Amino acid sequence: MIYFVRRFAVFLLTLWAAITLNFIIPRLQPGDPAERIVRRLNPNSRTVDPNQVEAVRKMLGLPDTNIFEQYLQYLQTLVRGEFGVSYSYFPFTVTHMIGQTLPWTLVLGAVTLFIGFVVGTLLGAWAAWRRNGPFDSVTTLGATFLGTLPSFWIALLLLYVCAFKWGWFPVGGGYSGDAQPGWNWAFISSAFEHSVLPAVSILLFAPIGWILGMRNNMVTILGDDYTRLAKAKGLSERRIALWYGARVAVLPNVAGLALAVGGILGGSVVIEQIFSYPGMGRLLFEALRDGDYPLMQTVFLFIIIGVLLADLVADFLYGVLDPRVRRGG
Amino acid sequence: MSMLQQGETPTVSDALPLDEEGAVEQQTRANRRFRVPGWLGILWENRKSRVGLVMLAIFLIVAVFAPLFSPHDPRSNDFAPNLDPGSGHLLGTTTKGEDIFSQLVYGARTSLIVGVVGGLLATAIALVIGLTAGYLGGTVNEVLTFFINLALVVPILPLIALLSAYAPGQGLWVVILIIGLTGWASGARLKKAQILTLRSRDYITAAVFAGEGLWQVIFREIMPNMISLVVVGFMGSAMGAIGAEAGLAFLGFGNPETISWGTMSYWANNQGALVTGQWAWLLAPGLALSFLIMALTLVNFGVDALGNPQLREE
Amino acid sequence: MSLLAVDQLDVTYLTRKRPPVQAVRGVSLTIGPGEFVGLVGESGSGKSTLGNATIRLLSRPGEITGGTVSFNGQDITALGEDRLRPMRWRDISTVFQSSMNSLNPVMPIEAQFRDAIQAHSRASNGQVRKRVAELLTMVDIDPSFMRFYPHELSGGMKQRVALALALALEPKFVLLDEPTTGLDVVVQRAILERLRVIQREQEFAVLLISHDLGSVLEFSDRVLVMYAGEIVEEQAAADMLRHPRHPYSRGLLGSYASPTAKTIAITYIPGRPPDLSKPHQGCLFAPRCVDAIPLCRMKAPELLPLGDGLVACHVAKMRAEAGQLPEQQGRSWRTQAAGAVFTKHTVAKDPTGAEDILRFEGVSKLYTRRRGFKTTLVQAVDDVSFVLSKGHVTALVGQSGSGKSTIAKLVTGIERPDSGEISFGDLRVDRLGRRGLRDFRKHIQMVFQDPYSALNPAHTVLSTLMRPLINHKGMSRGQAQSRALELLETVGLTPPERFGQRHPHQLSGGQRQRIVIARALAPEPAIIIADEPISSLDVSIRAEILELLDGLVREQGIAMLYITHDLLSARLLADDIIVLNEGKVVEAGRAEDVIANPQHAYTQLLLRSIPNPFVEETAAD
């Protein structure tokens, strides 16, 4: 119990640190950030329009007060969920844009994470159990080789071959224009069709870390004394592999889940952009491209919060799976 | 009556791994080779990392002597646009009429600079934070661990993109700096764990009793035992930096005027190279990136095996 | 018919890069039903490899390359795992060397019994629970612990659980591979005694593997001695005790002595075991043997019957043929030692005449231990006083957790006491600041328990030894180098030039410990703290290191604090003994007085817990 309470406290602390980081980043550079943003927005004009600067300042929550008051105000707007208005999607609010894109990324991310984890862990476990056999060599080498390929490059090739050339899948977007978003078959099947290529692009890379991690953990554990004792006990191979090998070897992988969530969300910027997928990654890309500062700040904040929540879930799961941390050790 | 009792710890063998003088001398020599030009000798022994070292050397030569290898100025757009591979241009030309092969050669420079400088920066930060947390321990360790964990979970690519959106400039060096400043966390965690283990060794206490100061303990006693970890960490950071620069440039967040494999991919994609059938424009930089990362991965196999006998083939 | 029969067994470690190592060579042995057999050897002798081979549990790259293992008349040498599996645990079970790690960390204790029981029977969960309760009670553990996870049990409890687990299916044969190594002395003894009682009741056969001839002789019916992959002697325990025939067995037995005697002589065997990856000629023990004759270096002796046992030794055989049986020599085998001898006489030294170096007066230290939200206070040191004086050794004796390590930290200034005074001349050690501590370390040095962790693998011996000389004595590199070579000679590593260039991994454990001692001597300290300096060394060389320390202390007039759990070594080395229990001094005095006439129950318990193969003899004395 202490473990879970402590983990939750750490989560709150990390969340606070992340929110504060998001507050600090725009203020890191010397000079007035609002003024600099305005300069960036109008690269051709030499003078800066003070009204524009004032407007940006309001949008960023950067009033002419001292930094502590700014910080308090920033926290207040966060609690109220007021993230301002997007420049590039005017007149939509940032909140509205996030609401539009979040579900797409959530579904794509969760599904690929789950499949990648399960497939990768299973392949890694099997490779370790049949260590140095042909399956192990092929899997380990294949995963290592695949890991060296740039993901954007693979995604582009998939897009070209499977969509442009062969026309198996749509070339981009989240669903076709004639489908009405909602719980209807036309929309769901269209959305599924559109998400296959992005998902495959992610899934080619997602299992690599799990495969190699699981294999190395399990190879070590299969040499450990308690696994040798399991053999001496005359247990079946299946039981040794699952309950003595894989059961313990999977723990570091579970601990790594949180990092993987960050990886998938980070990678979604590239993948969603290539496939014009209407998720948060693409939204962040566009915000960055268009210098839409309120939007990029908020999307980044959401990504961090998402990662931290995943971290919390992974830690809880770890606590459930490992009695050593659950029951103080 | 009784005997000299066995210890509360298992006894250790009094046997030498190698008994005869010749063998010991031989081992001393092998060991000296391991220490002076560092791990290089050991790396060369491993088949995989030998291949990686050769590949890396080729990239290095190409990057250093880029003007000798490239037939044209990579920025010159004096040629006919959209030429196919062959026809005087090994890989054809871009839509702007630039020689693709020359860009590929110069791109090696960018990637290697990013890898080396970004990797060094990240490794240095990781080392300082890992050393401080691991050696001082206690509250310092807890606070730094908190920040390491925070930095670990924050997605790197969006963070780099966000930072570069606020950065005062768009040059390559800014990108390298940001990559270096963001990519230290996993290295710091590994180094901290290693130092926590090393710190509890008796020889550290012994060094303190031999009158060594804090820095002598760190640099004479701890660091020599961390070489393989530092090298692995550097390789990992270098790979991360190269990948991050390429991804950033591909998204168009780098300086589009820099010649790198990432910007080449960016322009190729931007100009619809695949649709127009200019395969080489997109394939070449992607494969080059892949080979460079592969070279580093292969070298890493040797370094990994150096530090972790479990991974050695039986 | 024998239950387990091993015939001409060879086990080889085959690696791709290094030459094959023949860890077990032509070993034959039999164990009858219900027999308790001991197998003794030092680290690297191949005893664990032999044990694992007999139960077909060798892990790669070890392989049986010759000979057979039969169980109950059935040849199991090449039996497939599928055929072997039904026999495992039901007929043959085991307790591993490091039972600390032999339980699955994520399964409750009960589940680890259940899967073994249900793999071989149709017992219901309820029946299993009843059986587990029975088994745990048998090893003196409350049945409620079956719901716990391994990390929630102490080391001794885990070991008992591992033992109970091995007996779960009432096997016919149990292999015990160093089952108590790593545990506290008192706990070790309790577990072995319990095991012997259960074994007599249930009548299973046991092969007990250990480096400690003392306990093996005490508990076994029959003893096998192994050296460099071969059995060199086999005898009934009682016979072995009275007349060991092989010089190696004699050497091992020579490290036993009565601490109560006026003069104690302990033998050690100089040299080290051979490299088994190289071809050899003659007897493998010959290079370390004092009795060796030219024949020994030419022809390997066979294991032949001699008296009621078997011995592989040319000299023993010749003596027997000449009618010189050890029986007829009475107990003189101890004087014709199988190696060098470290003799300690009780001389009436007058400690009052010696100069006091360090005073430790009324010192207490309280630790706060935090676990979750709970904090507990541990009184690590409670009002302890003693004096270290020039040329004298003071031994601090106690179990783990008795506070002896904390006292070492207090003496060196690493920790500060809550109350009390520690003074070195006029210097108050308990009040030293950072700089003061650094200067103080010129005068106080340490010898560590584990010579493998005490030397930095990255440095050569010479550069390790030069650092204290440069730092504390202000020597130039040249001066430091020549002084370091002298130090190597002082600790008996000659020629010093050759040892100086080596790295620690090229040295044996005993050699490393000598380097550690040389480093401690370098700044010519007034005090040396030796923290269990021999307990992680092989039995045959322990006395050698004790002798070295003894000589150095007397010659150089160093005050030594000798920290140990072992009363015999304390008696050998120390002038005074302080017995410590739970942070308190329970008994202190002249070494021979404390040993000969222990007043406190705890001292008596420690004395009783020492492996004691000579019980009857002592009674007869």
# chains A, B, ... in the order shown; residues from 1 in each chain; ligands from 1

$ closest_atom_pairs --of "chain C" --to "chain A" --cutoff "6 Å" --atoms "only C-alpha atoms" --output "Markdown table"
| residue | atom | partner | partner_atom | distance |
| --- | --- | --- | --- | --- |
| C:Arg85 | CA | A:Gly234 | CA | 4.6 |
| C:Arg88 | CA | A:Gly234 | CA | 4.9 |
| C:Trp89 | CA | A:Lys233 | CA | 4.9 |
| C:Asn101 | CA | A:Asp225 | CA | 5.9 |
| C:Ser102 | CA | A:Tyr226 | CA | 4.0 |
| C:Leu103 | CA | A:Tyr226 | CA | 5.2 |
| C:Asn104 | CA | A:Tyr226 | CA | 5.6 |
| C:Val106 | CA | A:Pro323 | CA | 5.9 |
| C:Ala116 | CA | A:Lys233 | CA | 5.7 |
| C:Ala119 | CA | A:Leu235 | CA | 6.0 |

$ residues_around --residues "Thr110 (chain B)" --least-positions-apart "4" --cutoff "8 Å" --atoms "only C-alpha atoms" --output "PDB file with N, CA and C atoms, in the first residue's frame"
ATOM      1  N   TYR B 106      28.241  15.217 -48.740  1.00  0.00           N
ATOM      2  CA  TYR B 106      28.339  16.267 -47.728  1.00  0.00           C
ATOM      3  C   TYR B 106      27.424  15.999 -46.526  1.00  0.00           C
ATOM      4  N   VAL B 114      26.936  16.002 -36.038  1.00  0.00           N
ATOM      5  CA  VAL B 114      25.819  15.935 -35.094  1.00  0.00           C
ATOM      6  C   VAL B 114      26.030  14.782 -34.117  1.00  0.00           C
ATOM      7  N   ILE B 259      22.952  21.101 -45.575  1.00  0.00           N
ATOM      8  CA  ILE B 259      22.882  19.890 -46.388  1.00  0.00           C
ATOM      9  C   ILE B 259      23.049  18.696 -45.462  1.00  0.00           C
ATOM     10  N   SER B 260      21.956  17.984 -45.250  1.00  0.00           N
ATOM     11  CA  SER B 260      22.040  16.786 -44.425  1.00  0.00           C
ATOM     12  C   SER B 260      21.100  15.761 -45.019  1.00  0.00           C
TER      13      SER B 260
END

$ residues_around --residues "Ile55 (chain C)" --least-positions-apart "3" --cutoff "8 Å" --atoms "only C-alpha atoms" --output "NGL selection string"
:C and (51-52 or 92 or 175)

$ interface_residues --of "chain C" --to "chain B" --cutoff "7 Å" --atoms "only C-alpha atoms" --output "MDAnalysis selection string"
chainID C and resid 43:44 181:184 212 214 255:259 272:273 275 438 441 445 453:456 458 467:468 471:472 506:510 535:538 566 568:569 610:612 614 618

$ residues_around --residues "Gly118 (chain B)" --least-positions-apart "5" --cutoff "9 Å" --atoms "only C-alpha atoms" --output "JSON, numbers by chain"
{"B": [113, 123, 175, 176, 177, 178, 179, 180, 181, 183, 237, 238, 240, 241, 242]}

$ select_by_dssp --residues "region 414-568 of chain C" --states "strand (DSSP E)" --output "list in words"
Ser419, Gly420, Glu421, Ile422, Ser423, Phe424, Leu427, Arg428, Ile444, Gln445, Met446, Val447, Ile527, Ile528, Ile529, Ala530, Asp531, Ala559, Met560, Leu561, Tyr562, Ile563 and Thr564 of chain C

$ closest_residue --among "A:Ala179, A:Met280, A:Leu204, A:Leu251" --to "chain B" --atoms "only C-alpha atoms"
A:Met280

$ interface_residues --of "chain B" --to "chain A" --cutoff "7 Å" --atoms "only C-alpha atoms" --output "ChimeraX atom specification"
/B:150,152-158,165-166,251,274,286,290,293-294,310

$ write_last_selection --atoms "C-alpha atoms" --output "mmCIF file, in the first residue's frame"
data_model
loop_
_atom_site.group_PDB
_atom_site.id
_atom_site.type_symbol
_atom_site.label_atom_id
_atom_site.label_comp_id
_atom_site.auth_asym_id
_atom_site.auth_seq_id
_atom_site.Cartn_x
_atom_site.Cartn_y
_atom_site.Cartn_z
ATOM 1 C CA LEU B 150 11.351 13.327 -15.556
ATOM 2 C CA LEU B 152 13.393 10.129 -19.338
ATOM 3 C CA VAL B 153 9.644 10.197 -19.801
ATOM 4 C CA VAL B 154 9.395 13.500 -21.679
ATOM 5 C CA PRO B 155 9.143 12.626 -25.388
ATOM 6 C CA ILE B 156 12.382 13.836 -26.947
ATOM 7 C CA LEU B 157 11.332 14.748 -30.473
ATOM 8 C CA PRO B 158 8.463 17.088 -29.507
ATOM 9 C CA ALA B 165 10.741 26.781 -32.076
ATOM 10 C CA TYR B 166 11.794 29.136 -29.270
ATOM 11 C CA LEU B 251 9.844 17.542 -40.596
ATOM 12 C CA LEU B 274 8.517 9.174 -55.168
ATOM 13 C CA GLY B 286 17.586 6.901 -45.979
ATOM 14 C CA SER B 290 20.570 3.353 -41.938
ATOM 15 C CA ILE B 293 23.305 3.738 -37.465
ATOM 16 C CA MET B 294 24.050 0.119 -38.285
ATOM 17 C CA GLN B 310 26.200 -12.622 -20.143
#

$ residues_around --residues "Arg131 (chain A)" --least-positions-apart "2" --cutoff "12 Å" --atoms "only C-alpha atoms" --output "PyMOL selection string"
(chain A and resi 123-129+133-140+215-216+218-220+222-223) or (chain B and resi 311+313-314)

$ select_by_dssp --residues "region 136-268 of chain A" --states "alpha helix (DSSP H)" --output "VMD selection string"
chain A and resid 136 to 147 151 to 158 185 to 222 225 to 232 237 to 239 247 to 255 257 to 268

$ residues_around --residues "Ala111 (chain C)" --least-positions-apart "5" --cutoff "10 Å" --atoms "only C-alpha atoms" --output "PyMOL selection string"
chain C and resi 104+116-117+125+128-129+132+146-147+149

$ residues_around --residues "region 63-73 of chain C" --least-positions-apart "3" --cutoff "9 Å" --atoms "only C-alpha atoms" --output "PyMOL selection string"
chain C and resi 1-14+24-28+53-56+58-60+76-78

$ atom_distance --atom1 "CA of Trp279 (chain B)" --atom2 "CA of Ala57 (chain B)"
27.2 Å

$ atom_distance --atom1 "CA of Ala312 (chain C)" --atom2 "CA of Leu252 (chain C)"
15.9 Å

$ atom_distance --atom1 "CA of Gly474 (chain C)" --atom2 "CA of Val553 (chain C)"
24.0 Å
